[in-house]
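Beneath this line is the structure, given in structure tokens, with notes to follow.
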Amino acid sequence: MSARIYLLGAGAFAVGTSAYVVSGVLPDVSSELHVSLTAAGQLATAFSLSYAIGAPILSTLTGRWERRTLLIAALVLAALGNLIAALAVNYPILIAGRIVAAFGAAVYTPAATLFATSLMPPEKRGRAVAIVFGGLTFALVLGVPAGTLLGPTLGYKGVFALISAVAVLVAIAERGVLPKVEAPPVVSLRERFAGVTDRRVQIILAMTVLAVLAAFTVYIYIVPLLKHTAGLTGNVTSLLLLLYGVGAVIGNFLGGRITDKFGSLRTLFVLMAAITVVLATLDVTLTTAVGAGAALVVWGMLTWAFNPPIQSLLMELGGGLLISLNASAIYLGAGLSAVVGGLVIQTLGVGYLPVLASALSLVVVGLVYLLWRDSNLQQVEELERDEGIYVTATAD
């Protein structure tokens with residue numbers, strides 16, 4: 001595989017670390033800025049909602065830009081946002097930095113994915129996309145634990161400054177290595193949202209939002225949750241986050257293979273049912289370091305296996321434009337998770353996060369069943385039409 005593709009993945013790693021690292025430095029932000037843990041968690045909300053809103057708008061506004069220039073500009077914008085966060089002297093400036101960084105990520109990720117496919121022949125494009133998204137996965141595997149480890153030494157400001165430096169270095173490398181690629185045909189904002197009128201697409205996007213909300217409601221506050229359930233802190237927490245990331249890498253790899261073998265809807269139903277069980281039992285499994293390690297590996301694997309079948313469904317229904325909307329749905333769910341999780345912590349306590357998350361996951365199981373039933377009904381109707389026996393039901 002071309003080194004250029006891996007360089008695009010390195011950029012995804014930089015912007016992905018910017019997104020995920022907050023989970024590892026929440027206690028440091030709370031302590032240094034003298035804000036509550038819930039307020040610190042809103043840094044994830046600011047990033048995620050800015051990404052969700054900014055992705056379709058910024059993609060439309062920059063639609064005519066030459067692609068290499070766009071990638072470099074996106075990385076520079078992400079670096080600027082992290083630099084603002086590193087230099088922030090108060091909470092509002094830190095939030096502003098997170099918003100700027102999110103806009104850079106919102107431009108970079110879809111542009112890098114399409115850039116990667118343009119460099120490879122059709123039979124290798126799937127692998128190219130996997131490498132770019134692999135950068136996001138490794139951001140979870142390495143970036144978040146690194147933030148937890150480096151936070152006490154560098155402070156959260158040092159962590160954000162380091163991410164900014166990585167983004168700049170990747171931008172310089174891409175400027176020297178990547179070829180110029182002309183912009184694809186411009187797609188209007190109306191065309192980007194046209195697919196949302198399909199009921200099946202609405203259900204799938206709702207599944208994404210709720211599934212991510214269930215996962216990140218717990219994950220964003222996993223550090224204080226581990227302290228609450230088992231008294232775990234410091235290096236042990238970093239190791240557990242690393243184990244979650246390892247599970248995520250495995251799940252991301254296996255999710256596509258399982259989807260190809262068993263189909264998208266069947267895979268989603270089993271995955272979400274299993275995730276519901278894992279979330280519902282976290283109050284038991286997280287009471288020891290060994291139990292927490294096993295639970296986080298399994299949870300990470302199941303959660304990150306969710307994306308391939310969802311992407312497969314959307315490709316069947318409308319392709320790339322729907323996938324870009326799904327990216328916004330992912331970050332919308334992640335953004336809402338900090339707000340919802342914060343409310344749970346304030347009203348009930350951090351120990352109730354898994355209870356809410358498992359309930360949300362169970363709703364997704366119901367939505368998968370609803371989509372599955374509708375798909376089966378549609379297949380029966382199409383078969384009846386083809387055989388000339390379709391009958392329109394009438395009211396008695």
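A note on labels: chains of the structure tokens are A, B, ... as shown, every chain counts residues from 1, and ligands are counted from 1 in their shown order.
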
List every residue of range 101-120 of chain A that has an atom at most 10 Å from any atom of range 62-83 of chain A, giving for each one its closest atom pair and the distance in Å to one decimal, counting only C-alpha atoms, sorted by chain and then by ascending residue number, as CSV.
```
residue,atom,partner,partner_atom,distance
A:Ala101,CA,A:Ala78,CA,4.0
A:Ala102,CA,A:Ala78,CA,6.8
A:Phe103,CA,A:Ala78,CA,7.1
A:Gly104,CA,A:Ala78,CA,4.4
A:Ala105,CA,A:Ala78,CA,6.2
A:Ala106,CA,A:Ala74,CA,8.2
A:Val107,CA,A:Ala74,CA,5.8
A:Tyr108,CA,A:Ala74,CA,5.3
A:Thr109,CA,A:Leu71,CA,8.8
A:Pro110,CA,A:Leu71,CA,9.8
A:Ala111,CA,A:Leu71,CA,6.8
A:Ala112,CA,A:Leu71,CA,6.8
A:Leu114,CA,A:Arg67,CA,9.2
A:Phe115,CA,A:Arg67,CA,7.1
```

Selection above as a file: C-alpha atoms, as an mmCIF file, in the first residue's frame:
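Writing the result to part06.cif gives the following:
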```cif
data_model
loop_
_atom_site.group_PDB
_atom_site.id
_atom_site.type_symbol
_atom_site.label_atom_id
_atom_site.label_comp_id
_atom_site.auth_asym_id
_atom_site.auth_seq_id
_atom_site.Cartn_x
_atom_site.Cartn_y
_atom_site.Cartn_z
ATOM 1 C CA ALA A 101 -10.079 22.056 16.131
ATOM 2 C CA ALA A 102 -13.391 20.329 15.371
ATOM 3 C CA PHE A 103 -13.865 22.361 12.199
ATOM 4 C CA GLY A 104 -10.428 21.241 11.021
ATOM 5 C CA ALA A 105 -11.277 17.591 11.755
ATOM 6 C CA ALA A 106 -14.685 17.934 10.059
ATOM 7 C CA VAL A 107 -12.977 19.001 6.836
ATOM 8 C CA TYR A 108 -10.016 16.622 7.002
ATOM 9 C CA THR A 109 -11.598 13.212 7.607
ATOM 10 C CA PRO A 110 -14.023 13.018 4.645
ATOM 11 C CA ALA A 111 -11.543 14.783 2.340
ATOM 12 C CA ALA A 112 -8.750 12.370 3.281
ATOM 13 C CA LEU A 114 -11.937 10.520 -0.835
ATOM 14 C CA PHE A 115 -8.313 11.511 -1.528
#
```

Who sits within 9 Å of range 288-290 of chain A, only C-alpha atoms, same chain under 6 positions skipped, as a PDB file with C-alpha atoms, in the first residue's frame:
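Wrote it out as out37.pdb, contents follow:
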```
ATOM      1  CA  LEU A 226     -13.267   3.530  37.184  1.00  0.00           C
ATOM      2  CA  THR A 229     -16.289   1.515  40.979  1.00  0.00           C
ATOM      3  CA  ALA A 230     -12.830   0.143  41.770  1.00  0.00           C
ATOM      4  CA  GLY A 231     -10.719   3.046  43.030  1.00  0.00           C
ATOM      5  CA  LEU A 232      -8.495   2.801  39.924  1.00  0.00           C
ATOM      6  CA  VAL A 236      -3.761   1.411  35.740  1.00  0.00           C
ATOM      7  CA  THR A 237      -6.444   3.570  34.128  1.00  0.00           C
ATOM      8  CA  LEU A 240      -7.331  -0.107  30.792  1.00  0.00           C
TER       9      LEU A 240
END
```

Any chance you could list, as a CSV table (one decimal) with all heavy atoms, in the first residue's frame, the residues in range 53-85 of chain A that come up helix (DSSP H, G or I) when DSSP is run on the backbone?
```
chain,number,residue,atom,x,y,z
A,53,ILE,N,-22.2,19.7,13.0
A,53,ILE,CA,-22.8,20.8,12.2
A,53,ILE,C,-21.9,21.3,11.1
A,53,ILE,O,-22.3,21.6,10.0
A,53,ILE,CB,-23.1,22.0,13.2
A,53,ILE,CG1,-24.2,21.5,14.2
A,53,ILE,CG2,-23.6,23.2,12.4
A,53,ILE,CD1,-24.4,22.5,15.4
A,54,GLY,N,-20.6,21.3,11.4
A,54,GLY,CA,-19.6,21.9,10.4
A,54,GLY,C,-19.3,21.0,9.3
A,54,GLY,O,-19.1,21.5,8.2
A,55,ALA,N,-19.4,19.6,9.4
A,55,ALA,CA,-19.0,18.7,8.3
A,55,ALA,C,-19.7,19.0,7.0
A,55,ALA,O,-19.1,19.2,6.0
A,55,ALA,CB,-19.1,17.3,8.8
A,56,PRO,N,-21.1,18.9,7.0
A,56,PRO,CA,-21.7,19.1,5.7
A,56,PRO,C,-21.6,20.6,5.2
A,56,PRO,O,-21.5,20.8,4.0
A,56,PRO,CB,-23.2,18.8,6.0
A,56,PRO,CG,-23.3,19.0,7.5
A,56,PRO,CD,-22.0,18.6,8.1
A,57,ILE,N,-21.6,21.6,6.1
A,57,ILE,CA,-21.5,23.0,5.7
A,57,ILE,C,-20.2,23.3,5.1
A,57,ILE,O,-20.0,23.8,4.0
A,57,ILE,CB,-21.9,23.9,6.8
A,57,ILE,CG1,-23.3,23.7,7.3
A,57,ILE,CG2,-21.6,25.3,6.5
A,57,ILE,CD1,-23.7,24.5,8.6
A,58,LEU,N,-19.1,22.9,5.8
A,58,LEU,CA,-17.7,23.2,5.4
A,58,LEU,C,-17.4,22.4,4.1
A,58,LEU,O,-16.7,22.9,3.3
A,58,LEU,CB,-16.7,22.9,6.5
A,58,LEU,CG,-16.8,23.8,7.7
A,58,LEU,CD1,-15.9,23.3,8.9
A,58,LEU,CD2,-16.4,25.2,7.4
A,59,SER,N,-17.9,21.2,4.0
A,59,SER,CA,-17.6,20.4,2.8
A,59,SER,C,-18.2,21.0,1.6
A,59,SER,O,-17.7,21.0,0.5
A,59,SER,CB,-18.2,19.0,3.0
A,59,SER,OG,-17.5,18.2,4.0
A,60,THR,N,-19.4,21.7,1.8
A,60,THR,CA,-20.0,22.4,0.7
A,60,THR,C,-19.3,23.6,0.3
A,60,THR,O,-19.0,23.9,-0.9
A,60,THR,CB,-21.5,22.7,1.1
A,60,THR,OG1,-22.2,21.5,1.4
A,60,THR,CG2,-22.2,23.5,-0.1
A,61,LEU,N,-18.9,24.4,1.4
A,61,LEU,CA,-18.2,25.7,1.1
A,61,LEU,C,-16.8,25.5,0.5
A,61,LEU,O,-16.3,26.3,-0.3
A,61,LEU,CB,-18.0,26.4,2.5
A,61,LEU,CG,-19.3,26.9,3.1
A,61,LEU,CD1,-19.0,27.6,4.4
A,61,LEU,CD2,-20.0,27.9,2.2
A,67,ARG,N,-7.7,19.4,-3.7
A,67,ARG,CA,-7.8,18.5,-2.5
A,67,ARG,C,-6.6,18.5,-1.6
A,67,ARG,O,-6.7,18.5,-0.4
A,67,ARG,CB,-8.0,17.1,-3.0
A,67,ARG,CG,-9.3,16.9,-3.8
A,67,ARG,CD,-10.6,17.1,-2.9
A,67,ARG,NE,-11.1,18.4,-2.9
A,67,ARG,CZ,-12.2,18.8,-2.3
A,67,ARG,NH1,-12.9,17.9,-1.5
A,67,ARG,NH2,-12.7,20.0,-2.4
A,68,ARG,N,-5.4,18.6,-2.2
A,68,ARG,CA,-4.2,18.7,-1.3
A,68,ARG,C,-4.2,19.9,-0.5
A,68,ARG,O,-3.9,19.9,0.7
A,68,ARG,CB,-2.9,18.6,-2.1
A,68,ARG,CG,-1.6,18.5,-1.3
A,68,ARG,CD,-0.4,18.4,-2.1
A,68,ARG,NE,-0.1,19.7,-2.8
A,68,ARG,CZ,0.9,20.0,-3.5
A,68,ARG,NH1,1.8,19.0,-3.7
A,68,ARG,NH2,1.1,21.1,-4.1
A,69,THR,N,-4.5,21.0,-1.1
A,69,THR,CA,-4.6,22.3,-0.4
A,69,THR,C,-5.6,22.2,0.7
A,69,THR,O,-5.4,22.7,1.8
A,69,THR,CB,-5.0,23.5,-1.4
A,69,THR,OG1,-4.0,23.5,-2.4
A,69,THR,CG2,-5.1,24.8,-0.6
A,70,LEU,N,-6.8,21.6,0.4
A,70,LEU,CA,-7.8,21.5,1.4
A,70,LEU,C,-7.3,20.6,2.6
A,70,LEU,O,-7.6,21.0,3.8
A,70,LEU,CB,-9.0,20.8,0.8
A,70,LEU,CG,-10.2,20.6,1.7
A,70,LEU,CD1,-10.8,21.9,2.2
A,70,LEU,CD2,-11.3,19.8,1.0
A,71,LEU,N,-6.6,19.5,2.4
A,71,LEU,CA,-6.1,18.7,3.5
A,71,LEU,C,-5.2,19.5,4.4
A,71,LEU,O,-5.2,19.4,5.6
A,71,LEU,CB,-5.4,17.5,2.9
A,71,LEU,CG,-6.3,16.4,2.3
A,71,LEU,CD1,-5.5,15.3,1.6
A,71,LEU,CD2,-7.3,15.8,3.3
A,72,ILE,N,-4.3,20.2,3.7
A,72,ILE,CA,-3.3,21.0,4.5
A,72,ILE,C,-4.0,22.1,5.3
A,72,ILE,O,-3.6,22.3,6.5
A,72,ILE,CB,-2.2,21.6,3.6
A,72,ILE,CG1,-1.4,20.4,2.9
A,72,ILE,CG2,-1.3,22.5,4.3
A,72,ILE,CD1,-0.5,20.9,1.8
A,73,ALA,N,-4.9,22.7,4.7
A,73,ALA,CA,-5.6,23.8,5.4
A,73,ALA,C,-6.4,23.2,6.6
A,73,ALA,O,-6.4,23.8,7.7
A,73,ALA,CB,-6.6,24.5,4.5
A,74,ALA,N,-7.0,22.0,6.4
A,74,ALA,CA,-7.7,21.4,7.5
A,74,ALA,C,-6.8,21.0,8.7
A,74,ALA,O,-7.2,21.2,9.8
A,74,ALA,CB,-8.4,20.1,7.0
A,75,LEU,N,-5.6,20.5,8.4
A,75,LEU,CA,-4.7,20.2,9.4
A,75,LEU,C,-4.2,21.4,10.2
A,75,LEU,O,-4.0,21.4,11.4
A,75,LEU,CB,-3.5,19.4,8.8
A,75,LEU,CG,-3.8,17.9,8.5
A,75,LEU,CD1,-2.6,17.3,7.7
A,75,LEU,CD2,-4.1,17.1,9.7
A,76,VAL,N,-3.9,22.4,9.4
A,76,VAL,CA,-3.5,23.7,10.0
A,76,VAL,C,-4.6,24.3,10.9
A,76,VAL,O,-4.3,24.7,12.0
A,76,VAL,CB,-3.1,24.7,9.0
A,76,VAL,CG1,-2.9,26.1,9.6
A,76,VAL,CG2,-1.8,24.3,8.2
A,77,LEU,N,-5.8,24.2,10.5
A,77,LEU,CA,-6.9,24.6,11.3
A,77,LEU,C,-7.0,23.8,12.6
A,77,LEU,O,-7.3,24.3,13.7
A,77,LEU,CB,-8.2,24.6,10.5
A,77,LEU,CG,-9.5,25.2,11.2
A,77,LEU,CD1,-9.2,26.7,11.4
A,77,LEU,CD2,-10.7,25.0,10.3
A,78,ALA,N,-6.9,22.5,12.5
A,78,ALA,CA,-6.9,21.6,13.6
A,78,ALA,C,-5.8,22.0,14.6
A,78,ALA,O,-5.9,22.0,15.8
A,78,ALA,CB,-6.9,20.2,13.2
A,79,ALA,N,-4.6,22.2,14.0
A,79,ALA,CA,-3.4,22.6,14.8
A,79,ALA,C,-3.7,23.9,15.6
A,79,ALA,O,-3.3,24.0,16.7
A,79,ALA,CB,-2.2,22.7,14.0
A,80,LEU,N,-4.3,24.9,14.9
A,80,LEU,CA,-4.6,26.1,15.5
A,80,LEU,C,-5.5,26.0,16.6
A,80,LEU,O,-5.3,26.6,17.7
A,80,LEU,CB,-5.2,27.1,14.4
A,80,LEU,CG,-5.6,28.5,14.9
A,80,LEU,CD1,-4.4,29.2,15.5
A,80,LEU,CD2,-6.3,29.2,13.8
A,81,GLY,N,-6.6,25.1,16.5
A,81,GLY,CA,-7.5,24.9,17.5
A,81,GLY,C,-6.9,24.3,18.8
A,81,GLY,O,-7.1,24.7,19.9
A,82,ASN,N,-6.0,23.3,18.6
A,82,ASN,CA,-5.3,22.7,19.7
A,82,ASN,C,-4.3,23.7,20.3
A,82,ASN,O,-4.1,23.7,21.5
A,82,ASN,CB,-4.6,21.5,19.2
A,82,ASN,CG,-5.6,20.3,19.1
A,82,ASN,OD1,-6.0,19.7,20.1
A,82,ASN,ND2,-5.9,19.9,17.9
A,83,LEU,N,-3.7,24.6,19.5
A,83,LEU,CA,-2.8,25.6,20.1
A,83,LEU,C,-3.6,26.6,21.0
A,83,LEU,O,-3.1,27.0,22.0
A,83,LEU,CB,-2.1,26.3,19.0
A,83,LEU,CG,-1.1,27.4,19.4
A,83,LEU,CD1,0.0,26.7,20.2
A,83,LEU,CD2,-0.5,28.1,18.2
A,84,ILE,N,-4.8,27.0,20.5
A,84,ILE,CA,-5.6,27.9,21.3
A,84,ILE,C,-6.0,27.2,22.6
A,84,ILE,O,-5.9,27.8,23.7
A,84,ILE,CB,-6.9,28.2,20.5
A,84,ILE,CG1,-6.6,29.1,19.3
A,84,ILE,CG2,-7.9,28.9,21.4
A,84,ILE,CD1,-7.8,29.3,18.4
A,85,ALA,N,-6.3,25.9,22.6
A,85,ALA,CA,-6.6,25.1,23.8
A,85,ALA,C,-5.4,25.1,24.7
A,85,ALA,O,-5.5,25.2,25.9
A,85,ALA,CB,-7.1,23.7,23.4
```

Show me, as a list in words, the residues that have an atom within 9 Å of Ala128 in chain A when counting only C-alpha atoms, minus same-chain residues fewer than 4 positions from it. Met1, Ser2, Ile5, Tyr6, Thr113, Ala116, Thr117, Leu119, Met120, Lys124, Val132 and Phe133 of chain A

Who sits within 9 Å of range 40-51 of chain A, only C-alpha atoms, same chain under 2 positions skipped, as a PyMOL selection string: chain A and resi 18-20+22-23+26-27+29-30+33+35-38+53-55+91+94-107+220-221+327-328+330-339+341-342

Pairwise distance, CA of Met272 in chain A with CA of Gly255 in chain A, equals 12.5 Å

Shell of 9 Å around range 302-304 of chain A, only C-alpha atoms, local chain residues under 4 positions omitted, as a PyMOL selection string: chain A and resi 137+211-212+215+247-253+255+271-272+274-275+297-298+308

Go ahead and write the residues just picked, C-alpha atoms, as a PDB file, in the first residue's frame.
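Writing the result to result_5.pdb gives the following:
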```pdb
ATOM      1  CA  THR A 137      -8.858   3.930  15.598  1.00  0.00           C
ATOM      2  CA  ALA A 211     -25.622   3.880  19.762  1.00  0.00           C
ATOM      3  CA  VAL A 212     -22.856   6.487  19.981  1.00  0.00           C
ATOM      4  CA  ALA A 215     -21.205   4.293  24.217  1.00  0.00           C
ATOM      5  CA  GLY A 247     -10.545  -4.149  21.436  1.00  0.00           C
ATOM      6  CA  ALA A 248     -11.583  -1.301  19.133  1.00  0.00           C
ATOM      7  CA  VAL A 249      -8.911  -2.204  16.572  1.00  0.00           C
ATOM      8  CA  ILE A 250      -9.996  -5.853  16.614  1.00  0.00           C
ATOM      9  CA  GLY A 251     -13.664  -4.881  16.325  1.00  0.00           C
ATOM     10  CA  ASN A 252     -13.014  -2.477  13.450  1.00  0.00           C
ATOM     11  CA  PHE A 253     -11.235  -5.289  11.577  1.00  0.00           C
ATOM     12  CA  GLY A 255     -16.866  -5.901  11.832  1.00  0.00           C
ATOM     13  CA  LEU A 271     -23.873  -6.590  18.165  1.00  0.00           C
ATOM     14  CA  MET A 272     -26.333  -4.229  19.819  1.00  0.00           C
ATOM     15  CA  ALA A 274     -24.356  -7.946  23.148  1.00  0.00           C
ATOM     16  CA  ILE A 275     -23.418  -4.291  23.791  1.00  0.00           C
ATOM     17  CA  VAL A 297     -11.689  -5.156  25.652  1.00  0.00           C
ATOM     18  CA  VAL A 298     -15.042  -6.792  24.851  1.00  0.00           C
ATOM     19  CA  PRO A 308     -18.974  -1.441   9.105  1.00  0.00           C
TER      20      PRO A 308
END
```

One-decimal distance in Å that lies between CA of Val21 in chain A and CA of Val218 in chain A: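 Distance reported for this atom pair: 14.8 Å.
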
So which residues touch Leu370 in chain A within 12 Å, counting only C-alpha atoms, skipping near sequence neighbours fewer than 2 positions away, as a ChimeraX atom specification? /A:199-200,202-204,207,265,269,363-368,372-377

Of the residues A:Leu371, A:Val170, A:Ile310, A:Leu317, which is the one nearest to Val196 in chain A, using only C-alpha atoms? A:Leu317
